$ cat work.pdb   # PDB, C-alpha atoms
ATOM      1  CA  MET A   1       0.000   0.000   0.000  1.00  0.00           C
ATOM      2  CA  ARG A   2       1.333   3.376  -0.894  1.00  0.00           C
ATOM      3  CA  ARG A   3       1.669   6.276   1.450  1.00  0.00           C
ATOM      4  CA  ARG A   4      -1.102   8.402  -0.173  1.00  0.00           C
ATOM      5  CA  GLU A   5      -3.561   5.501  -0.193  1.00  0.00           C
ATOM      6  CA  PHE A   6      -2.772   4.805   3.436  1.00  0.00           C
ATOM      7  CA  ILE A   7      -3.367   8.470   4.404  1.00  0.00           C
ATOM      8  CA  LYS A   8      -6.674   8.486   2.472  1.00  0.00           C
ATOM      9  CA  LEU A   9      -7.759   5.324   4.230  1.00  0.00           C
ATOM     10  CA  LEU A  10      -6.759   6.664   7.623  1.00  0.00           C
ATOM     11  CA  GLY A  11      -8.399  10.043   6.945  1.00  0.00           C
ATOM     12  CA  GLY A  12     -11.625   8.422   5.784  1.00  0.00           C
ATOM     13  CA  ALA A  13     -11.767   6.184   8.847  1.00  0.00           C
ATOM     14  CA  ALA A  14     -11.086   9.139  11.144  1.00  0.00           C
ATOM     15  CA  ALA A  15     -13.867  11.156   9.513  1.00  0.00           C
ATOM     16  CA  THR A  16     -16.476   8.419   9.876  1.00  0.00           C
ATOM     17  CA  TRP A  17     -15.430   7.283  13.347  1.00  0.00           C
ATOM     18  CA  PRO A  18     -17.277  10.044  15.270  1.00  0.00           C
ATOM     19  CA  LEU A  19     -20.413   9.402  13.219  1.00  0.00           C
ATOM     20  CA  ALA A  20     -20.374   5.715  14.091  1.00  0.00           C
ATOM     21  CA  ALA A  21     -19.766   6.465  17.763  1.00  0.00           C
ATOM     22  CA  ARG A  22     -22.572   9.028  17.837  1.00  0.00           C
ATOM     23  CA  ALA A  23     -24.997   6.646  16.145  1.00  0.00           C
ATOM     24  CA  GLN A  24     -24.451   4.058  18.873  1.00  0.00           C
ATOM     25  CA  GLN A  25     -25.349   6.364  21.771  1.00  0.00           C
ATOM     26  CA  PRO A  26     -28.850   5.626  23.080  1.00  0.00           C
ATOM     27  CA  ILE A  27     -31.496   8.314  22.953  1.00  0.00           C
ATOM     28  CA  VAL A  28     -32.398   9.434  26.467  1.00  0.00           C
ATOM     29  CA  PRO A  29     -36.110  10.140  27.005  1.00  0.00           C
ATOM     30  CA  VAL A  30     -36.981  13.525  28.480  1.00  0.00           C
ATOM     31  CA  VAL A  31     -39.654  13.974  31.146  1.00  0.00           C
ATOM     32  CA  GLY A  32     -41.240  17.415  31.265  1.00  0.00           C
ATOM     33  CA  PHE A  33     -42.149  18.448  34.815  1.00  0.00           C
ATOM     34  CA  LEU A  34     -44.641  21.336  35.022  1.00  0.00           C
ATOM     35  CA  SER A  35     -45.672  22.884  38.326  1.00  0.00           C
ATOM     36  CA  SER A  36     -47.690  25.985  39.136  1.00  0.00           C
ATOM     37  CA  GLY A  37     -45.555  26.515  42.247  1.00  0.00           C
ATOM     38  CA  SER A  38     -41.895  27.243  42.812  1.00  0.00           C
ATOM     39  CA  SER A  39     -39.051  24.777  43.147  1.00  0.00           C
ATOM     40  CA  GLU A  40     -38.828  25.697  46.839  1.00  0.00           C
ATOM     41  CA  SER A  41     -42.534  25.061  47.491  1.00  0.00           C
ATOM     42  CA  ILE A  42     -42.346  21.424  46.430  1.00  0.00           C
ATOM     43  CA  ALA A  43     -38.652  20.752  47.017  1.00  0.00           C
ATOM     44  CA  HIS A  44     -39.581  17.924  49.385  1.00  0.00           C
ATOM     45  CA  LEU A  45     -41.436  16.103  46.574  1.00  0.00           C
ATOM     46  CA  ILE A  46     -38.666  16.117  43.961  1.00  0.00           C
ATOM     47  CA  PRO A  47     -36.535  13.422  45.687  1.00  0.00           C
ATOM     48  CA  VAL A  48     -39.659  11.255  45.984  1.00  0.00           C
ATOM     49  CA  PHE A  49     -40.396  11.790  42.289  1.00  0.00           C
ATOM     50  CA  ARG A  50     -36.827  10.818  41.381  1.00  0.00           C
ATOM     51  CA  GLN A  51     -37.010   7.786  43.664  1.00  0.00           C
ATOM     52  CA  GLY A  52     -40.216   6.649  41.960  1.00  0.00           C
ATOM     53  CA  LEU A  53     -38.535   6.940  38.588  1.00  0.00           C
ATOM     54  CA  ALA A  54     -35.487   5.057  39.903  1.00  0.00           C
ATOM     55  CA  GLU A  55     -37.690   2.228  41.185  1.00  0.00           C
ATOM     56  CA  THR A  56     -38.913   1.712  37.635  1.00  0.00           C
ATOM     57  CA  GLY A  57     -35.378   1.801  36.236  1.00  0.00           C
ATOM     58  CA  TYR A  58     -35.086   5.464  35.236  1.00  0.00           C
ATOM     59  CA  ILE A  59     -32.160   7.330  36.771  1.00  0.00           C
ATOM     60  CA  GLU A  60     -31.940  11.061  36.101  1.00  0.00           C
ATOM     61  CA  GLY A  61     -28.739  11.864  34.269  1.00  0.00           C
ATOM     62  CA  ARG A  62     -28.139   8.240  33.284  1.00  0.00           C
ATOM     63  CA  ASN A  63     -31.061   7.004  31.196  1.00  0.00           C
ATOM     64  CA  VAL A  64     -33.635   9.789  31.570  1.00  0.00           C
ATOM     65  CA  ALA A  65     -33.509  13.581  31.603  1.00  0.00           C
ATOM     66  CA  ILE A  66     -35.974  15.827  33.424  1.00  0.00           C
ATOM     67  CA  GLU A  67     -36.849  19.325  32.250  1.00  0.00           C
ATOM     68  CA  TYR A  68     -38.366  21.313  35.115  1.00  0.00           C
ATOM     69  CA  ARG A  69     -40.688  24.288  34.624  1.00  0.00           C
ATOM     70  CA  TRP A  70     -41.857  26.340  37.617  1.00  0.00           C
ATOM     71  CA  ALA A  71     -44.636  28.901  37.095  1.00  0.00           C
ATOM     72  CA  GLU A  72     -44.187  30.346  40.617  1.00  0.00           C
ATOM     73  CA  GLY A  73     -47.893  31.167  40.832  1.00  0.00           C
ATOM     74  CA  LYS A  74     -47.899  32.999  37.492  1.00  0.00           C
ATOM     75  CA  TYR A  75     -50.436  30.902  35.634  1.00  0.00           C
ATOM     76  CA  ASP A  76     -50.226  33.003  32.472  1.00  0.00           C
ATOM     77  CA  ARG A  77     -46.649  31.706  31.972  1.00  0.00           C
ATOM     78  CA  MET A  78     -47.670  28.053  31.801  1.00  0.00           C
ATOM     79  CA  PRO A  79     -48.846  27.869  28.150  1.00  0.00           C
ATOM     80  CA  THR A  80     -45.412  29.136  27.071  1.00  0.00           C
ATOM     81  CA  MET A  81     -43.728  26.628  29.368  1.00  0.00           C
ATOM     82  CA  VAL A  82     -45.747  23.744  27.927  1.00  0.00           C
ATOM     83  CA  ALA A  83     -44.912  24.908  24.405  1.00  0.00           C
ATOM     84  CA  GLU A  84     -41.196  24.897  25.333  1.00  0.00           C
ATOM     85  CA  LEU A  85     -41.482  21.351  26.658  1.00  0.00           C
ATOM     86  CA  LEU A  86     -43.282  20.192  23.521  1.00  0.00           C
ATOM     87  CA  ARG A  87     -40.664  21.818  21.282  1.00  0.00           C
ATOM     88  CA  GLY A  88     -38.052  19.941  23.304  1.00  0.00           C
ATOM     89  CA  GLN A  89     -39.805  16.708  22.296  1.00  0.00           C
ATOM     90  CA  VAL A  90     -40.496  15.424  25.803  1.00  0.00           C
ATOM     91  CA  ALA A  91     -41.635  11.816  26.092  1.00  0.00           C
ATOM     92  CA  VAL A  92     -44.165  12.644  28.819  1.00  0.00           C
ATOM     93  CA  ILE A  93     -45.364  15.663  30.802  1.00  0.00           C
ATOM     94  CA  VAL A  94     -45.862  15.388  34.551  1.00  0.00           C
ATOM     95  CA  ALA A  95     -48.255  18.188  35.513  1.00  0.00           C
ATOM     96  CA  GLY A  96     -49.798  19.216  38.761  1.00  0.00           C
ATOM     97  CA  PRO A  97     -51.841  20.391  40.426  1.00  0.00           C
ATOM     98  CA  THR A  98     -54.981  21.171  38.394  1.00  0.00           C
ATOM     99  CA  PRO A  99     -54.061  24.280  36.342  1.00  0.00           C
ATOM    100  CA  PRO A 100     -50.848  22.824  34.847  1.00  0.00           C
ATOM    101  CA  ALA A 101     -52.686  19.595  34.015  1.00  0.00           C
ATOM    102  CA  LEU A 102     -55.435  21.496  32.197  1.00  0.00           C
ATOM    103  CA  ILE A 103     -52.959  23.651  30.284  1.00  0.00           C
ATOM    104  CA  ALA A 104     -50.886  20.626  29.259  1.00  0.00           C
ATOM    105  CA  LYS A 105     -54.016  18.757  28.155  1.00  0.00           C
ATOM    106  CA  ALA A 106     -55.127  21.731  26.054  1.00  0.00           C
ATOM    107  CA  ALA A 107     -51.707  21.936  24.389  1.00  0.00           C
ATOM    108  CA  THR A 108     -51.326  18.356  23.130  1.00  0.00           C
ATOM    109  CA  VAL A 109     -53.289  15.242  22.304  1.00  0.00           C
ATOM    110  CA  THR A 110     -50.255  13.124  21.468  1.00  0.00           C
ATOM    111  CA  VAL A 111     -47.735  13.532  24.301  1.00  0.00           C
ATOM    112  CA  PRO A 112     -48.745  11.535  27.397  1.00  0.00           C
ATOM    113  CA  ILE A 113     -49.668  13.609  30.453  1.00  0.00           C
ATOM    114  CA  VAL A 114     -49.472  12.299  34.001  1.00  0.00           C
ATOM    115  CA  PHE A 115     -51.317  14.523  36.453  1.00  0.00           C
ATOM    116  CA  GLY A 116     -51.986  14.841  40.144  1.00  0.00           C
ATOM    117  CA  VAL A 117     -55.182  16.798  40.797  1.00  0.00           C
ATOM    118  CA  THR A 118     -57.498  17.466  43.714  1.00  0.00           C
ATOM    119  CA  ASP A 119     -60.571  18.064  41.566  1.00  0.00           C
ATOM    120  CA  ASP A 120     -62.586  15.456  39.710  1.00  0.00           C
ATOM    121  CA  PRO A 121     -60.619  14.763  36.499  1.00  0.00           C
ATOM    122  CA  ILE A 122     -63.828  13.717  34.715  1.00  0.00           C
ATOM    123  CA  LYS A 123     -65.503  17.064  35.448  1.00  0.00           C
ATOM    124  CA  LEU A 124     -62.282  18.813  34.436  1.00  0.00           C
ATOM    125  CA  ASP A 125     -62.418  16.886  31.120  1.00  0.00           C
ATOM    126  CA  LEU A 126     -58.925  15.497  31.673  1.00  0.00           C
ATOM    127  CA  VAL A 127     -60.211  11.927  31.332  1.00  0.00           C
ATOM    128  CA  THR A 128     -63.433  10.253  30.248  1.00  0.00           C
ATOM    129  CA  SER A 129     -63.452   7.693  33.061  1.00  0.00           C
ATOM    130  CA  LEU A 130     -61.412   6.914  36.159  1.00  0.00           C
ATOM    131  CA  ALA A 131     -61.224   3.244  35.218  1.00  0.00           C
ATOM    132  CA  ARG A 132     -60.395   3.886  31.551  1.00  0.00           C
ATOM    133  CA  PRO A 133     -59.004   7.393  31.110  1.00  0.00           C
ATOM    134  CA  ASN A 134     -58.640   7.169  27.293  1.00  0.00           C
ATOM    135  CA  GLY A 135     -56.831   9.957  25.466  1.00  0.00           C
ATOM    136  CA  ASN A 136     -53.324  11.016  26.449  1.00  0.00           C
ATOM    137  CA  ALA A 137     -53.886  11.913  30.119  1.00  0.00           C
ATOM    138  CA  THR A 138     -53.862   9.759  33.223  1.00  0.00           C
ATOM    139  CA  GLY A 139     -52.895  10.320  36.803  1.00  0.00           C
ATOM    140  CA  VAL A 140     -53.855  10.533  40.418  1.00  0.00           C
ATOM    141  CA  TYR A 141     -57.026  12.097  41.794  1.00  0.00           C
ATOM    142  CA  PHE A 142     -56.622  13.201  45.389  1.00  0.00           C
ATOM    143  CA  PHE A 143     -60.171  13.357  46.722  1.00  0.00           C
ATOM    144  CA  LEU A 144     -59.455  16.554  48.641  1.00  0.00           C
ATOM    145  CA  SER A 145     -61.998  18.917  47.107  1.00  0.00           C
ATOM    146  CA  GLY A 146     -64.856  16.932  48.641  1.00  0.00           C
ATOM    147  CA  LEU A 147     -63.252  17.180  52.065  1.00  0.00           C
ATOM    148  CA  ALA A 148     -63.638  20.962  52.367  1.00  0.00           C
ATOM    149  CA  ALA A 149     -67.305  20.716  53.410  1.00  0.00           C
ATOM    150  CA  LYS A 150     -66.448  17.980  55.910  1.00  0.00           C
ATOM    151  CA  GLN A 151     -63.610  20.070  57.358  1.00  0.00           C
ATOM    152  CA  LEU A 152     -65.929  23.050  57.805  1.00  0.00           C
ATOM    153  CA  GLY A 153     -68.499  20.800  59.480  1.00  0.00           C
ATOM    154  CA  LEU A 154     -65.870  19.502  61.910  1.00  0.00           C
ATOM    155  CA  LEU A 155     -64.753  23.047  62.647  1.00  0.00           C
ATOM    156  CA  ARG A 156     -68.362  24.026  63.376  1.00  0.00           C
ATOM    157  CA  GLU A 157     -68.654  21.090  65.822  1.00  0.00           C
ATOM    158  CA  LEU A 158     -65.383  21.990  67.541  1.00  0.00           C
ATOM    159  CA  VAL A 159     -66.157  25.710  67.787  1.00  0.00           C
ATOM    160  CA  PRO A 160     -69.978  26.046  67.726  1.00  0.00           C
ATOM    161  CA  ALA A 161     -69.893  29.798  68.419  1.00  0.00           C
ATOM    162  CA  ILE A 162     -67.864  30.529  65.294  1.00  0.00           C
ATOM    163  CA  SER A 163     -69.594  32.998  62.986  1.00  0.00           C
ATOM    164  CA  ARG A 164     -66.894  33.796  60.398  1.00  0.00           C
ATOM    165  CA  ILE A 165     -64.201  31.797  58.705  1.00  0.00           C
ATOM    166  CA  GLY A 166     -61.491  33.327  56.550  1.00  0.00           C
ATOM    167  CA  LEU A 167     -60.054  31.567  53.522  1.00  0.00           C
ATOM    168  CA  LEU A 168     -56.976  32.644  51.600  1.00  0.00           C
ATOM    169  CA  VAL A 169     -56.854  31.784  47.910  1.00  0.00           C
ATOM    170  CA  ASN A 170     -54.813  32.743  44.904  1.00  0.00           C
ATOM    171  CA  PRO A 171     -57.343  34.566  42.694  1.00  0.00           C
ATOM    172  CA  LYS A 172     -55.341  33.609  39.590  1.00  0.00           C
ATOM    173  CA  ASN A 173     -55.723  29.897  40.356  1.00  0.00           C
ATOM    174  CA  ALA A 174     -58.221  28.177  38.085  1.00  0.00           C
ATOM    175  CA  ASN A 175     -59.839  26.614  41.172  1.00  0.00           C
ATOM    176  CA  ALA A 176     -60.409  29.912  42.995  1.00  0.00           C
ATOM    177  CA  ASP A 177     -64.047  30.082  41.903  1.00  0.00           C
ATOM    178  CA  ALA A 178     -64.827  26.473  42.849  1.00  0.00           C
TER     179      ALA A 178
END

$ encode --input "work.pdb" --output "structure tokens"
Amino acid sequence: MRRREFIKLLGGAAATWPLAARAQQPIVPVVGFLSSGSSESIAHLIPVFRQGLAETGYIEGRNVAIEYRWAEGKYDRMPTMVAELLRGQVAVIVAGPTPPALIAKAATVTVPIVFGVTDDPIKLDLVTSLARPNGNATGVYFFLSGLAAKQLGLLRELVPAISRIGLLVNPKNANADA
């Protein structure tokens, strides 16, 4: 083999080597995490979320990536955040509580959405049935909204002379009118 042929061969192999190496790297799925709160407000839940993923074989940074979006109570920012996640081609969106789940559901019918809501997901039109959600959304329904009346009843029993009760709400929250 002549010197020029050898250099061509070596140069060609060197040029295609990175392409072959890149083609063999596995594609890491991306989980989009959308919250109406701040990272500080649910900081205690993130390790539990990661642990749940790890128990099913998904380790952040190894075989799954997580893109976090925090609305920090600014609900008008969430449609843009969902659009960013969708442009990033996330494999699934984890959304909670109710407003992020509704915004994610309105933004896509193809990307799976896993929600955690305190309001009836059937009434919210997130799913068609609790047993068979259909569509691209599924999740957990925390039956907390029905407990408010019970809590007020217990308070009335504990303090019968009570005449006024104050309630603080975020008026921008989609559930504020409920």

$ resolve_selection --input "work.pdb" --expression "the PyMOL selection byres ((chain A and resi 117) around 7)" --output "PyMOL selection string"
chain A and resi 96-98+115-116+118-119+140-142

$ resolve_selection --input "work.pdb" --expression "the PyMOL selection byres ((chain A and resi 68-70) around 6)" --output "MDAnalysis selection string"
chainID A and resid 33:35 37:38 67 71:72

$ atom_distance --input "work.pdb" --atom1 "CA of His44 in chain A" --atom2 "CA of Ala131 in chain A"
29.7 Å

$ residues_near_point --input "work.pdb" --point "(-59.5, 11.2, 36.1)" --cutoff "6 Å" --atoms "only C-alpha atoms" --output "list in words"
Pro121, Ile122, Val127 and Leu130 of chain A

$ write_last_selection --input "work.pdb" --atoms "C-alpha atoms" --output "PDB file, in the coordinates of the input"
ATOM      1  CA  PRO A 121     -60.619  14.763  36.499  1.00  0.00           C
ATOM      2  CA  ILE A 122     -63.828  13.717  34.715  1.00  0.00           C
ATOM      3  CA  VAL A 127     -60.211  11.927  31.332  1.00  0.00           C
ATOM      4  CA  LEU A 130     -61.412   6.914  36.159  1.00  0.00           C
TER       5      LEU A 130
END

$ residues_around --input "work.pdb" --residues "Arg87 in chain A" --least-positions-apart "2" --cutoff "12 Å" --atoms "all atoms listed in the file" --output "PyMOL selection string"
chain A and resi 30+32+67+80-85+89-91+107-108+111

$ write_last_selection --input "work.pdb" --atoms "C-alpha atoms" --output "mmCIF file, in the coordinates of the input"
data_model
loop_
_atom_site.group_PDB
_atom_site.id
_atom_site.type_symbol
_atom_site.label_atom_id
_atom_site.label_comp_id
_atom_site.auth_asym_id
_atom_site.auth_seq_id
_atom_site.Cartn_x
_atom_site.Cartn_y
_atom_site.Cartn_z
ATOM 1 C CA VAL A 30 -36.981 13.525 28.480
ATOM 2 C CA GLY A 32 -41.240 17.415 31.265
ATOM 3 C CA GLU A 67 -36.849 19.325 32.250
ATOM 4 C CA THR A 80 -45.412 29.136 27.071
ATOM 5 C CA MET A 81 -43.728 26.628 29.368
ATOM 6 C CA VAL A 82 -45.747 23.744 27.927
ATOM 7 C CA ALA A 83 -44.912 24.908 24.405
ATOM 8 C CA GLU A 84 -41.196 24.897 25.333
ATOM 9 C CA LEU A 85 -41.482 21.351 26.658
ATOM 10 C CA GLN A 89 -39.805 16.708 22.296
ATOM 11 C CA VAL A 90 -40.496 15.424 25.803
ATOM 12 C CA ALA A 91 -41.635 11.816 26.092
ATOM 13 C CA ALA A 107 -51.707 21.936 24.389
ATOM 14 C CA THR A 108 -51.326 18.356 23.130
ATOM 15 C CA VAL A 111 -47.735 13.532 24.301
#

$ residues_around --input "work.pdb" --residues "Ala148 in chain A" --least-positions-apart "3" --cutoff "12 Å" --atoms "all atoms listed in the file" --output "list in words"
Thr118, Asp119, Phe143, Leu144, Ser145, Gln151, Leu152, Gly153, Leu154, Leu155, Leu167 and Ala178 of chain A

$ atom_distance --input "work.pdb" --atom1 "CA of Tyr75 in chain A" --atom2 "CA of Lys172 in chain A"
6.9 Å

$ build_atoms --input "work.pdb" --residues "range 122-135 of chain A" --atoms "N, CA and C atoms" --output "mmCIF file, in the coordinates of the input"
data_model
loop_
_atom_site.group_PDB
_atom_site.id
_atom_site.type_symbol
_atom_site.label_atom_id
_atom_site.label_comp_id
_atom_site.auth_asym_id
_atom_site.auth_seq_id
_atom_site.Cartn_x
_atom_site.Cartn_y
_atom_site.Cartn_z
ATOM 1 N N ILE A 122 -62.766 13.889 35.716
ATOM 2 C CA ILE A 122 -63.828 13.717 34.715
ATOM 3 C C ILE A 122 -64.529 15.050 34.487
ATOM 4 N N LYS A 123 -64.871 15.742 35.580
ATOM 5 C CA LYS A 123 -65.503 17.064 35.448
ATOM 6 C C LYS A 123 -64.563 18.073 34.799
ATOM 7 N N LEU A 124 -63.271 17.915 35.041
ATOM 8 C CA LEU A 124 -62.282 18.813 34.436
ATOM 9 C C LEU A 124 -62.036 18.494 32.966
ATOM 10 N N ASP A 125 -62.591 17.366 32.490
ATOM 11 C CA ASP A 125 -62.418 16.886 31.120
ATOM 12 C C ASP A 125 -60.972 16.483 30.826
ATOM 13 N N LEU A 126 -60.271 16.053 31.868
ATOM 14 C CA LEU A 126 -58.925 15.497 31.673
ATOM 15 C C LEU A 126 -59.016 14.059 31.189
ATOM 16 N N VAL A 127 -60.004 13.323 31.702
ATOM 17 C CA VAL A 127 -60.211 11.927 31.332
ATOM 18 C C VAL A 127 -61.705 11.688 31.123
ATOM 19 N N THR A 128 -62.022 10.591 30.455
ATOM 20 C CA THR A 128 -63.433 10.253 30.248
ATOM 21 C C THR A 128 -63.971 9.345 31.344
ATOM 22 N N SER A 129 -63.060 8.635 32.026
ATOM 23 C CA SER A 129 -63.452 7.693 33.061
ATOM 24 C C SER A 129 -62.254 7.453 33.972
ATOM 25 N N LEU A 130 -62.512 7.224 35.252
ATOM 26 C CA LEU A 130 -61.412 6.914 36.159
ATOM 27 C C LEU A 130 -60.824 5.532 35.868
ATOM 28 N N ALA A 131 -61.690 4.602 35.505
ATOM 29 C CA ALA A 131 -61.224 3.244 35.218
ATOM 30 C C ALA A 131 -60.506 3.150 33.871
ATOM 31 N N ARG A 132 -60.988 3.890 32.892
ATOM 32 C CA ARG A 132 -60.395 3.886 31.551
ATOM 33 C C ARG A 132 -60.273 5.338 31.080
ATOM 34 N N PRO A 133 -59.144 5.968 31.398
ATOM 35 C CA PRO A 133 -59.004 7.393 31.110
ATOM 36 C C PRO A 133 -59.116 7.768 29.636
ATOM 37 N N ASN A 134 -58.679 6.874 28.736
ATOM 38 C CA ASN A 134 -58.640 7.169 27.293
ATOM 39 C C ASN A 134 -57.784 8.409 27.040
ATOM 40 N N GLY A 135 -57.612 8.776 25.807
ATOM 41 C CA GLY A 135 -56.831 9.957 25.466
ATOM 42 C C GLY A 135 -55.378 9.848 25.912
#
